[in-house]
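Shown next: my_file_37.cif, given as mmCIF, C-alpha atoms.
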```cif
data_structure
#
loop_
_atom_site.group_PDB
_atom_site.id
_atom_site.type_symbol
_atom_site.label_atom_id
_atom_site.label_comp_id
_atom_site.auth_asym_id
_atom_site.auth_seq_id
_atom_site.Cartn_x
_atom_site.Cartn_y
_atom_site.Cartn_z
ATOM 1 C CA MET A 1 -163.910 -172.149 -11.987
ATOM 2 C CA LYS A 2 -161.698 -169.313 -10.779
ATOM 3 C CA ALA A 3 -157.937 -169.517 -11.081
ATOM 4 C CA VAL A 4 -154.894 -167.281 -10.759
ATOM 5 C CA VAL A 5 -151.773 -167.838 -12.845
ATOM 6 C CA THR A 6 -148.521 -166.247 -11.711
ATOM 7 C CA VAL A 7 -145.819 -165.986 -14.379
ATOM 8 C CA MET A 8 -142.265 -165.106 -13.280
ATOM 9 C CA PRO A 9 -138.924 -164.861 -15.072
ATOM 10 C CA LYS A 10 -136.781 -167.910 -14.278
ATOM 11 C CA PRO A 11 -134.254 -167.263 -11.483
ATOM 12 C CA ALA A 12 -131.248 -167.348 -13.842
ATOM 13 C CA ILE A 13 -132.744 -164.807 -16.251
ATOM 14 C CA LEU A 14 -131.754 -161.152 -16.031
ATOM 15 C CA ASP A 15 -134.849 -158.980 -15.535
ATOM 16 C CA PRO A 16 -133.764 -155.481 -16.646
ATOM 17 C CA ALA A 17 -137.150 -153.959 -15.746
ATOM 18 C CA GLY A 18 -136.807 -155.395 -12.235
ATOM 19 C CA VAL A 19 -133.274 -154.009 -11.907
ATOM 20 C CA ALA A 20 -134.398 -150.518 -13.016
ATOM 21 C CA THR A 21 -137.388 -150.586 -10.653
ATOM 22 C CA GLY A 22 -135.139 -151.673 -7.788
ATOM 23 C CA ARG A 23 -132.896 -148.689 -8.467
ATOM 24 C CA ALA A 24 -135.901 -146.353 -8.354
ATOM 25 C CA MET A 25 -136.851 -147.828 -4.970
ATOM 26 C CA GLU A 26 -133.372 -146.997 -3.705
ATOM 27 C CA HIS A 27 -133.793 -143.436 -5.000
ATOM 28 C CA LEU A 28 -136.981 -143.270 -2.922
ATOM 29 C CA GLY A 29 -134.982 -144.138 0.170
ATOM 30 C CA LEU A 30 -135.594 -147.875 0.500
ATOM 31 C CA LYS A 31 -132.314 -149.317 1.723
ATOM 32 C CA GLY A 32 -130.877 -152.758 1.111
ATOM 33 C CA VAL A 33 -132.799 -153.675 -2.053
ATOM 34 C CA ARG A 34 -131.357 -157.074 -3.027
ATOM 35 C CA SER A 35 -133.548 -158.178 -5.862
ATOM 36 C CA ILE A 36 -136.687 -157.119 -7.721
ATOM 37 C CA ARG A 37 -138.329 -159.544 -10.122
ATOM 38 C CA ILE A 38 -141.316 -158.460 -12.191
ATOM 39 C CA GLY A 39 -143.841 -161.005 -13.400
ATOM 40 C CA LYS A 40 -147.510 -161.178 -14.273
ATOM 41 C CA SER A 41 -150.629 -162.245 -12.484
ATOM 42 C CA ILE A 42 -153.490 -163.485 -14.646
ATOM 43 C CA GLU A 43 -156.980 -164.019 -13.215
ATOM 44 C CA ILE A 44 -159.182 -166.492 -15.041
ATOM 45 C CA GLU A 45 -162.884 -167.249 -14.693
ATOM 46 C CA VAL A 46 -163.950 -170.114 -16.907
ATOM 47 C CA ASP A 47 -166.859 -172.544 -17.183
ATOM 48 C CA GLY A 48 -166.264 -176.217 -17.772
ATOM 49 C CA ALA A 49 -162.454 -176.304 -17.931
ATOM 50 C CA ASP A 50 -160.355 -178.881 -16.150
ATOM 51 C CA GLU A 51 -157.011 -178.356 -14.475
ATOM 52 C CA LYS A 52 -155.113 -180.247 -17.179
ATOM 53 C CA GLN A 53 -156.457 -177.900 -19.869
ATOM 54 C CA LEU A 54 -155.455 -174.877 -17.817
ATOM 55 C CA HIS A 55 -151.929 -176.234 -17.391
ATOM 56 C CA GLU A 56 -151.691 -176.624 -21.179
ATOM 57 C CA ILE A 57 -152.835 -173.014 -21.642
ATOM 58 C CA CYS A 58 -150.280 -171.858 -19.049
ATOM 59 C CA HIS A 59 -147.488 -173.738 -20.793
ATOM 60 C CA ASP A 60 -148.385 -172.896 -24.403
ATOM 61 C CA LEU A 61 -149.752 -169.358 -24.158
ATOM 62 C CA LEU A 62 -149.509 -167.623 -20.797
ATOM 63 C CA SER A 63 -145.808 -168.335 -20.193
ATOM 64 C CA ASN A 64 -142.727 -168.793 -22.355
ATOM 65 C CA PRO A 65 -141.050 -171.908 -20.905
ATOM 66 C CA VAL A 66 -137.664 -170.791 -22.295
ATOM 67 C CA VAL A 67 -137.439 -167.922 -19.809
ATOM 68 C CA GLU A 68 -140.472 -168.059 -17.509
ATOM 69 C CA ASP A 69 -142.028 -170.315 -14.847
ATOM 70 C CA TYR A 70 -145.715 -170.329 -14.000
ATOM 71 C CA LYS A 71 -147.774 -171.276 -10.978
ATOM 72 C CA LEU A 72 -151.442 -172.207 -11.368
ATOM 73 C CA GLU A 73 -153.729 -171.786 -8.356
ATOM 74 C CA ILE A 74 -157.324 -172.963 -8.520
ATOM 75 C CA LEU A 75 -159.360 -170.713 -6.207
ATOM 76 C CA SER A 76 -162.790 -172.252 -6.605
ATOM 77 C CA MET B 1 -140.269 -166.247 -56.659
ATOM 78 C CA ARG B 2 -143.793 -165.857 -55.292
ATOM 79 C CA VAL B 3 -143.669 -164.475 -51.764
ATOM 80 C CA ALA B 4 -146.457 -164.342 -49.192
ATOM 81 C CA VAL B 5 -146.137 -161.450 -46.746
ATOM 82 C CA ILE B 6 -148.288 -162.339 -43.753
ATOM 83 C CA GLN B 7 -150.313 -159.495 -42.287
ATOM 84 C CA PHE B 8 -151.283 -159.822 -38.623
ATOM 85 C CA PRO B 9 -153.366 -157.227 -36.800
ATOM 86 C CA GLY B 10 -150.648 -154.799 -35.732
ATOM 87 C CA SER B 11 -148.113 -155.655 -38.439
ATOM 88 C CA ASN B 12 -146.644 -152.407 -39.745
ATOM 89 C CA CYS B 13 -143.750 -153.429 -42.016
ATOM 90 C CA ASP B 14 -145.876 -155.621 -44.290
ATOM 91 C CA THR B 15 -146.191 -153.159 -47.180
ATOM 92 C CA ASP B 16 -142.533 -152.125 -46.772
ATOM 93 C CA CYS B 17 -141.542 -155.777 -47.220
ATOM 94 C CA GLN B 18 -143.855 -156.109 -50.205
ATOM 95 C CA ALA B 19 -142.457 -152.937 -51.832
ATOM 96 C CA ALA B 20 -138.866 -154.049 -51.215
ATOM 97 C CA LEU B 21 -139.540 -157.468 -52.773
ATOM 98 C CA LEU B 22 -141.319 -155.958 -55.786
ATOM 99 C CA SER B 23 -138.153 -153.975 -56.559
ATOM 100 C CA PHE B 24 -136.460 -157.246 -57.567
ATOM 101 C CA PRO B 25 -137.065 -158.405 -61.144
ATOM 102 C CA GLY B 26 -138.834 -161.731 -61.058
ATOM 103 C CA ALA B 27 -140.215 -161.413 -57.552
ATOM 104 C CA GLN B 28 -143.929 -161.344 -56.855
ATOM 105 C CA ALA B 29 -145.188 -160.457 -53.405
ATOM 106 C CA GLY B 30 -148.719 -160.605 -52.061
ATOM 107 C CA ILE B 31 -150.164 -159.703 -48.684
ATOM 108 C CA VAL B 32 -151.836 -162.652 -46.956
ATOM 109 C CA TRP B 33 -154.219 -161.898 -44.066
ATOM 110 C CA HIS B 34 -153.529 -163.928 -40.935
ATOM 111 C CA LYS B 35 -156.978 -165.548 -41.018
ATOM 112 C CA GLU B 36 -156.125 -167.377 -44.241
ATOM 113 C CA THR B 37 -155.209 -171.021 -43.817
ATOM 114 C CA SER B 38 -153.311 -171.874 -47.018
ATOM 115 C CA LEU B 39 -149.979 -170.828 -48.514
ATOM 116 C CA ALA B 40 -150.239 -173.091 -51.550
ATOM 117 C CA GLY B 41 -148.380 -171.728 -54.554
ATOM 118 C CA TYR B 42 -145.926 -169.579 -52.625
ATOM 119 C CA ASP B 43 -142.155 -170.138 -52.735
ATOM 120 C CA ALA B 44 -141.351 -168.054 -49.676
ATOM 121 C CA VAL B 45 -143.048 -166.541 -46.649
ATOM 122 C CA VAL B 46 -142.262 -163.276 -44.849
ATOM 123 C CA LEU B 47 -143.403 -162.623 -41.291
ATOM 124 C CA PRO B 48 -142.970 -158.842 -41.163
ATOM 125 C CA GLY B 49 -142.170 -156.471 -38.333
ATOM 126 C CA GLY B 50 -144.658 -154.579 -36.243
ATOM 127 C CA PHE B 51 -146.585 -155.095 -33.039
ATOM 128 C CA SER B 52 -148.870 -158.033 -33.730
ATOM 129 C CA TYR B 53 -151.760 -158.026 -31.258
ATOM 130 C CA GLY B 54 -150.256 -154.947 -29.628
ATOM 131 C CA ASP B 55 -147.426 -157.090 -28.198
ATOM 132 C CA TYR B 56 -149.985 -158.172 -25.570
ATOM 133 C CA LEU B 57 -148.839 -160.893 -23.165
ATOM 134 C CA ARG B 58 -145.443 -161.304 -24.899
ATOM 135 C CA CYS B 59 -144.255 -160.181 -28.345
ATOM 136 C CA GLY B 60 -145.510 -162.725 -30.874
ATOM 137 C CA SER B 61 -147.217 -164.937 -28.296
ATOM 138 C CA ILE B 62 -150.736 -164.443 -29.654
ATOM 139 C CA ALA B 63 -149.821 -164.222 -33.348
ATOM 140 C CA ARG B 64 -148.310 -167.705 -33.164
ATOM 141 C CA PHE B 65 -151.857 -169.051 -32.746
ATOM 142 C CA SER B 66 -153.258 -167.165 -35.771
ATOM 143 C CA PRO B 67 -154.979 -169.454 -38.319
ATOM 144 C CA ILE B 68 -152.235 -168.902 -40.952
ATOM 145 C CA MET B 69 -149.532 -170.249 -38.627
ATOM 146 C CA GLY B 70 -150.532 -173.849 -39.349
ATOM 147 C CA ALA B 71 -149.740 -173.218 -43.008
ATOM 148 C CA VAL B 72 -146.498 -171.405 -42.092
ATOM 149 C CA ARG B 73 -145.417 -174.429 -40.067
ATOM 150 C CA GLY B 74 -146.396 -176.743 -42.939
ATOM 151 C CA ALA B 75 -144.405 -174.615 -45.385
ATOM 152 C CA ALA B 76 -141.373 -174.595 -43.081
ATOM 153 C CA ASP B 77 -141.563 -178.382 -42.708
ATOM 154 C CA ALA B 78 -141.765 -178.713 -46.504
ATOM 155 C CA GLY B 79 -138.574 -176.695 -46.975
ATOM 156 C CA VAL B 80 -140.191 -173.447 -48.149
ATOM 157 C CA LEU B 81 -138.162 -170.368 -47.192
ATOM 158 C CA VAL B 82 -139.583 -168.533 -44.178
ATOM 159 C CA ILE B 83 -138.054 -165.255 -43.011
ATOM 160 C CA GLY B 84 -139.194 -163.473 -39.847
ATOM 161 C CA ILE B 85 -138.091 -159.876 -39.429
ATOM 162 C CA CYS B 86 -138.195 -158.212 -35.992
ATOM 163 C CA ASN B 87 -141.714 -159.052 -34.708
ATOM 164 C CA GLY B 88 -141.660 -161.889 -37.262
ATOM 165 C CA PHE B 89 -138.522 -163.280 -35.556
ATOM 166 C CA GLN B 90 -140.319 -163.058 -32.200
ATOM 167 C CA ILE B 91 -143.303 -164.954 -33.654
ATOM 168 C CA LEU B 92 -141.050 -167.706 -35.092
ATOM 169 C CA CYS B 93 -139.423 -168.177 -31.674
ATOM 170 C CA GLU B 94 -142.779 -168.238 -29.874
ATOM 171 C CA ALA B 95 -144.015 -170.791 -32.421
ATOM 172 C CA GLY B 96 -140.987 -172.986 -31.799
ATOM 173 C CA LEU B 97 -139.894 -172.755 -35.446
ATOM 174 C CA LEU B 98 -136.650 -171.200 -34.188
ATOM 175 C CA PRO B 99 -134.987 -171.930 -30.832
ATOM 176 C CA GLY B 100 -134.622 -169.426 -27.994
ATOM 177 C CA THR B 101 -136.532 -166.225 -27.414
ATOM 178 C CA LEU B 102 -136.258 -162.432 -27.574
ATOM 179 C CA MET B 103 -136.355 -160.534 -24.313
ATOM 180 C CA ARG B 104 -136.519 -156.911 -23.227
ATOM 181 C CA ASN B 105 -133.440 -154.936 -24.328
ATOM 182 C CA ASN B 106 -130.969 -154.880 -21.462
ATOM 183 C CA GLY B 107 -130.861 -151.060 -21.484
ATOM 184 C CA LEU B 108 -134.688 -150.935 -21.532
ATOM 185 C CA LEU B 109 -134.578 -148.436 -24.423
ATOM 186 C CA PHE B 110 -136.393 -148.886 -27.699
ATOM 187 C CA ARG B 111 -133.403 -148.820 -30.071
ATOM 188 C CA CYS B 112 -134.039 -147.354 -33.527
ATOM 189 C CA GLU B 113 -130.827 -146.758 -35.473
ATOM 190 C CA ASN B 114 -128.554 -148.030 -38.218
ATOM 191 C CA LEU B 115 -126.200 -150.748 -37.021
ATOM 192 C CA HIS B 116 -123.502 -152.963 -38.450
ATOM 193 C CA LEU B 117 -123.896 -156.698 -38.802
ATOM 194 C CA ARG B 118 -121.286 -159.313 -39.609
ATOM 195 C CA VAL B 119 -122.262 -162.176 -41.874
ATOM 196 C CA GLU B 120 -121.219 -165.267 -39.914
ATOM 197 C CA ASN B 121 -122.145 -167.872 -42.454
ATOM 198 C CA ALA B 122 -122.867 -167.704 -46.179
ATOM 199 C CA ASN B 123 -124.101 -171.281 -46.342
ATOM 200 C CA SER B 124 -127.825 -170.551 -46.162
ATOM 201 C CA PRO B 125 -130.599 -169.614 -48.589
ATOM 202 C CA PHE B 126 -130.624 -166.140 -46.986
ATOM 203 C CA THR B 127 -126.912 -165.314 -47.155
ATOM 204 C CA SER B 128 -125.719 -167.329 -50.151
ATOM 205 C CA ILE B 129 -124.638 -164.334 -52.274
ATOM 206 C CA LEU B 130 -122.918 -162.682 -49.306
ATOM 207 C CA HIS B 131 -119.575 -163.799 -47.916
ATOM 208 C CA LYS B 132 -118.445 -164.734 -44.438
ATOM 209 C CA GLY B 133 -117.101 -161.708 -42.590
ATOM 210 C CA GLN B 134 -118.940 -159.209 -44.788
ATOM 211 C CA VAL B 135 -120.255 -156.201 -42.859
ATOM 212 C CA LEU B 136 -123.774 -154.948 -43.601
ATOM 213 C CA GLU B 137 -125.360 -151.717 -42.400
ATOM 214 C CA ILE B 138 -129.017 -152.336 -41.601
ATOM 215 C CA PRO B 139 -131.324 -150.538 -39.152
ATOM 216 C CA ILE B 140 -132.908 -152.014 -36.047
ATOM 217 C CA ALA B 141 -136.103 -150.767 -34.395
ATOM 218 C CA HIS B 142 -137.120 -152.765 -31.338
ATOM 219 C CA GLY B 143 -137.565 -152.763 -27.584
ATOM 220 C CA GLU B 144 -137.477 -156.529 -27.167
ATOM 221 C CA GLY B 145 -134.634 -157.939 -29.213
ATOM 222 C CA SER B 146 -132.280 -159.396 -26.656
ATOM 223 C CA TYR B 147 -131.705 -162.917 -27.935
ATOM 224 C CA PHE B 148 -131.627 -165.604 -25.263
ATOM 225 C CA ALA B 149 -131.260 -169.374 -25.388
ATOM 226 C CA ASP B 150 -130.113 -171.906 -22.801
ATOM 227 C CA PRO B 151 -126.408 -172.904 -22.935
ATOM 228 C CA GLU B 152 -127.111 -176.224 -24.641
ATOM 229 C CA THR B 153 -129.172 -174.574 -27.403
ATOM 230 C CA LEU B 154 -126.502 -171.921 -27.884
ATOM 231 C CA LYS B 155 -123.860 -174.618 -28.258
ATOM 232 C CA LYS B 156 -125.938 -176.350 -30.930
ATOM 233 C CA LEU B 157 -126.538 -173.072 -32.795
ATOM 234 C CA ASN B 158 -122.776 -172.524 -32.965
ATOM 235 C CA ALA B 159 -121.939 -176.138 -33.804
ATOM 236 C CA ASN B 160 -124.466 -176.222 -36.668
ATOM 237 C CA ASN B 161 -123.478 -172.784 -38.008
ATOM 238 C CA GLN B 162 -127.035 -171.530 -37.461
ATOM 239 C CA ILE B 163 -125.945 -168.057 -36.361
ATOM 240 C CA LEU B 164 -126.019 -166.045 -39.579
ATOM 241 C CA LEU B 165 -125.655 -162.459 -38.302
ATOM 242 C CA ARG B 166 -124.005 -160.829 -35.289
ATOM 243 C CA TYR B 167 -123.965 -157.165 -34.221
ATOM 244 C CA CYS B 168 -120.516 -155.671 -34.847
ATOM 245 C CA ASP B 169 -118.775 -152.346 -35.339
ATOM 246 C CA ALA B 170 -118.057 -150.732 -38.736
ATOM 247 C CA LYS B 171 -114.870 -152.793 -39.055
ATOM 248 C CA GLY B 172 -116.623 -156.063 -38.300
ATOM 249 C CA ASN B 173 -115.443 -156.501 -34.715
ATOM 250 C CA VAL B 174 -118.026 -158.309 -32.617
ATOM 251 C CA SER B 175 -117.748 -156.615 -29.216
ATOM 252 C CA PRO B 176 -119.913 -155.827 -26.188
ATOM 253 C CA GLU B 177 -119.920 -152.157 -27.276
ATOM 254 C CA ALA B 178 -121.506 -153.131 -30.596
ATOM 255 C CA ASN B 179 -124.302 -155.051 -28.871
ATOM 256 C CA PRO B 180 -127.431 -152.857 -28.829
ATOM 257 C CA ASN B 181 -129.698 -154.962 -26.645
ATOM 258 C CA GLY B 182 -127.821 -157.566 -24.601
ATOM 259 C CA SER B 183 -128.273 -160.425 -27.065
ATOM 260 C CA LEU B 184 -126.192 -163.481 -26.166
ATOM 261 C CA GLU B 185 -122.987 -163.558 -28.224
ATOM 262 C CA ASN B 186 -124.207 -160.476 -30.175
ATOM 263 C CA ILE B 187 -126.700 -162.643 -32.050
ATOM 264 C CA ALA B 188 -128.790 -160.651 -34.542
ATOM 265 C CA GLY B 189 -130.102 -163.479 -36.728
ATOM 266 C CA ILE B 190 -130.313 -167.281 -36.679
ATOM 267 C CA CYS B 191 -131.604 -169.964 -39.010
ATOM 268 C CA SER B 192 -133.256 -173.296 -38.292
ATOM 269 C CA HIS B 193 -131.410 -176.606 -38.296
ATOM 270 C CA GLY B 194 -132.837 -177.219 -41.779
ATOM 271 C CA ARG B 195 -131.592 -173.720 -42.758
ATOM 272 C CA ASN B 196 -134.850 -172.694 -44.497
ATOM 273 C CA VAL B 197 -136.271 -170.673 -41.568
ATOM 274 C CA PHE B 198 -134.476 -167.420 -40.734
ATOM 275 C CA GLY B 199 -135.204 -164.880 -38.028
ATOM 276 C CA LEU B 200 -133.462 -161.536 -37.578
ATOM 277 C CA MET B 201 -134.139 -158.391 -35.559
ATOM 278 C CA PRO B 202 -132.706 -155.880 -38.109
ATOM 279 C CA HIS B 203 -134.898 -154.664 -40.985
ATOM 280 C CA PRO B 204 -133.340 -155.496 -44.393
ATOM 281 C CA GLU B 205 -136.504 -154.261 -46.176
ATOM 282 C CA ARG B 206 -135.703 -150.724 -45.019
ATOM 283 C CA VAL B 207 -132.400 -150.619 -46.895
ATOM 284 C CA CYS B 208 -133.321 -151.879 -50.346
ATOM 285 C CA ASP B 209 -133.414 -148.504 -52.107
ATOM 286 C CA PRO B 210 -130.716 -145.781 -52.239
ATOM 287 C CA LEU B 211 -133.496 -143.233 -51.642
ATOM 288 C CA LEU B 212 -133.934 -144.735 -48.182
ATOM 289 C CA GLY B 213 -130.257 -144.427 -47.312
ATOM 290 C CA GLY B 214 -128.791 -147.776 -48.247
ATOM 291 C CA THR B 215 -129.046 -151.012 -50.151
ATOM 292 C CA ASP B 216 -127.370 -153.464 -47.781
ATOM 293 C CA GLY B 217 -130.645 -155.300 -47.229
ATOM 294 C CA ARG B 218 -130.848 -156.393 -50.849
ATOM 295 C CA GLY B 219 -128.315 -159.197 -50.477
ATOM 296 C CA ILE B 220 -130.621 -161.138 -48.187
ATOM 297 C CA PHE B 221 -133.623 -161.005 -50.549
ATOM 298 C CA GLN B 222 -131.406 -161.576 -53.605
ATOM 299 C CA SER B 223 -129.988 -164.678 -51.915
ATOM 300 C CA MET B 224 -133.529 -165.981 -51.380
ATOM 301 C CA ILE B 225 -134.457 -165.318 -55.018
ATOM 302 C CA GLU B 226 -131.344 -167.034 -56.386
ATOM 303 C CA TRP B 227 -131.685 -169.983 -54.015
ATOM 304 C CA THR B 228 -135.329 -170.441 -55.030
ATOM 305 C CA ALA B 229 -134.490 -170.217 -58.740
ATOM 306 C CA SER B 230 -131.718 -172.808 -58.482
ATOM 307 C CA HIS B 231 -133.866 -175.024 -56.294
ATOM 308 C CA GLN B 232 -136.710 -174.931 -58.809
ATOM 309 C CA ALA B 233 -134.317 -175.634 -61.674
ATOM 310 C CA ARG B 234 -133.197 -178.801 -59.880
ATOM 311 C CA LYS B 235 -136.760 -180.076 -59.383
#
```

Reformat the file's structure so that it appears as C-alpha cells.
Amino acid sequence: MKAVVTVMPKPAILDPAGVATGRAMEHLGLKGVRSIRIGKSIEIEVDGADEKQLHEICHDLLSNPVVEDYKLEILS
Amino acid sequence: MRVAVIQFPGSNCDTDCQAALLSFPGAQAGIVWHKETSLAGYDAVVLPGGFSYGDYLRCGSIARFSPIMGAVRGAADAGVLVIGICNGFQILCEAGLLPGTLMRNNGLLFRCENLHLRVENANSPFTSILHKGQVLEIPIAHGEGSYFADPETLKKLNANNQILLRYCDAKGNVSPEANPNGSLENIAGICSHGRNVFGLMPHPERVCDPLLGGTDGRGIFQSMIEWTASHQARK
C-alpha cells in the first residue's frame, strides 16, 4: 500500500516559520502575500496495513492533534 | 530519595541532572536507559533536556514511544514525582501526561540565556519550599518552548492552580516583554491535575552550584526531596 499523509498546523495556530517565509517572499518581489502555512508531507509504503491502522498512526505519531490536522490519502 | 534520570538517544542534560541531584545530601540518582521497562524502587523520575531522536518529526514525539515510557506513565499514575525539563517537558506533553504542547518560539530564535521566573503556586511537590511571588533566575535553552493549549485547557490550568512558573522581569512583573518565546500567559512550567507531574522549559539543574553562576534551581529539587521524605514518613 502507498499512502501520503499531509500534516498542517490548525487554522487558528500561529505559524511563525510560515510568517517569516512569507516575508522573505515579499522581499523577493512577490506582492500580495496573504498567508503562508508550512506543514509536512509524509510518504508511506507499507505491506499489510489497513486504513484504520494508518489513521491511528497519523493521530498518535505523525500529527499532534493539539495543534495540527492531518489528511491521509491512500494512493494504491 | 532515589531518582531515575531517563536517558534517551539525544538526551544531553542527563548527567547534568544527575550531578545536580547528587549535590543534595540524601539524594541518589541513577541513569536509566530508555530501553529499560521498569522504574521499580525509584521515588522520582527526571526526563532531562536534550534533543531526543534528533527532534525528528516533532520534539518529543518519538521518545514518548520509548519502552521506558510505559513505566513512566505507571509511576505518574501511582503518584511518583515526575519532572520533565525542556525536552522532557516536550515529551510529557506529547505523551499526554501534561496538557497542551510546546511550539516553535514566536521569534524563531533558539533562546539561550538566564531569565526570571515567578513562582505562581507553592502548593506542589516541586515548589513547596518556595513561596508564591518569589522570583527565580534560571536559564532557558530552547527553540521550541512556546507553550500552547486550547482556551478550555488554559482555563482549567488556571482554575486548578496548575501553572507553577511564569516568565517575568527581575521585579516579578509578568509582561509581554518578559516572554521569551510567545508562550500563552507567559507559562514556563505546569503541573498535572494530580500535581505529581511537572514540566518546565527552564533548566534548574544548571543553577545548582555557585560555580555555575547561581543556585536558584536548588529550591525545586529540595522541594522534591522534602516532599518525598514527608510522604514516606506518612506511609

Just the number, please: distance in Å from CA of Arg206 (chain B) to CA of Leu22 (chain B), one decimal.
13.2 Å

Could you write out as a ChimeraX atom specification the residues of chain B within 7 Å of chain A, counting all atoms listed in the file?
/B:61,100-101,106,108

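The residue that comes closest to Glu226 (chain B), out of B:Val32, B:Cys17, B:Val119, B:Ala27 and on the basis of all atoms listed in the file, is B:Ala27.
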
Gly172 (chain B) environment, 12 Å, all atoms listed in the file, sequence neighbours closer than 4 positions dropped, as a PyMOL selection string
chain B and resi 115-120+132-137+165-168+178+186

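Of the listed residues B:Lys156, B:His203, B:Arg234, B:Lys35, the one whose atoms come nearest to Ala20 (chain B) is B:His203, with distances taken using only C-alpha atoms.
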
Give me, as JSON, numbers by chain, all polymer residues having an atom no more than 9 Å from Ile62 (chain B), counting all atoms listed in the file and skipping those fewer than 5 positions away in the same chain.
{"A": [61], "B": [52, 53, 55, 56, 57, 91, 94]}

Output C-alpha atoms of each residue in that selection to a file, as an mmCIF file, in the coordinates of the input.
```
data_model
loop_
_atom_site.group_PDB
_atom_site.id
_atom_site.type_symbol
_atom_site.label_atom_id
_atom_site.label_comp_id
_atom_site.auth_asym_id
_atom_site.auth_seq_id
_atom_site.Cartn_x
_atom_site.Cartn_y
_atom_site.Cartn_z
ATOM 1 C CA LEU A 61 -149.752 -169.358 -24.158
ATOM 2 C CA SER B 52 -148.870 -158.033 -33.730
ATOM 3 C CA TYR B 53 -151.760 -158.026 -31.258
ATOM 4 C CA ASP B 55 -147.426 -157.090 -28.198
ATOM 5 C CA TYR B 56 -149.985 -158.172 -25.570
ATOM 6 C CA LEU B 57 -148.839 -160.893 -23.165
ATOM 7 C CA ILE B 91 -143.303 -164.954 -33.654
ATOM 8 C CA GLU B 94 -142.779 -168.238 -29.874
#
```

For CA of His142 (chain B) and CA of Glu177 (chain B), determine how far apart the two atoms are, in Å to one decimal place.
17.7 Å

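Checking B:Leu47, B:Cys208, B:Thr215, B:His231 one by one against Ala19 (chain B), counting all atoms listed in the file, you find the shortest gap at B:Cys208.
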
The PyMOL selection byres ((chain A and resi 39) around 9) applied to the shown file, residues as an mmCIF file with C-alpha atoms, keeping the file's coordinate frame:
```cif
data_model
loop_
_atom_site.group_PDB
_atom_site.id
_atom_site.type_symbol
_atom_site.label_atom_id
_atom_site.label_comp_id
_atom_site.auth_asym_id
_atom_site.auth_seq_id
_atom_site.Cartn_x
_atom_site.Cartn_y
_atom_site.Cartn_z
ATOM 1 C CA THR A 6 -148.521 -166.247 -11.711
ATOM 2 C CA VAL A 7 -145.819 -165.986 -14.379
ATOM 3 C CA MET A 8 -142.265 -165.106 -13.280
ATOM 4 C CA PRO A 9 -138.924 -164.861 -15.072
ATOM 5 C CA ARG A 37 -138.329 -159.544 -10.122
ATOM 6 C CA ILE A 38 -141.316 -158.460 -12.191
ATOM 7 C CA LYS A 40 -147.510 -161.178 -14.273
ATOM 8 C CA SER A 41 -150.629 -162.245 -12.484
ATOM 9 C CA GLU A 68 -140.472 -168.059 -17.509
#
```

Output of the PyMOL selection byres ((chain A and resi 45) around 6), listed as a ChimeraX atom specification:
/A:1-2,44,46

The PyMOL selection byres ((chain B and resi 140) around 7) - which residues does that actually catch in the file I just gave you? List them as an NGL selection string.
:B and (111-115 or 138-139 or 141-142 or 201-203)
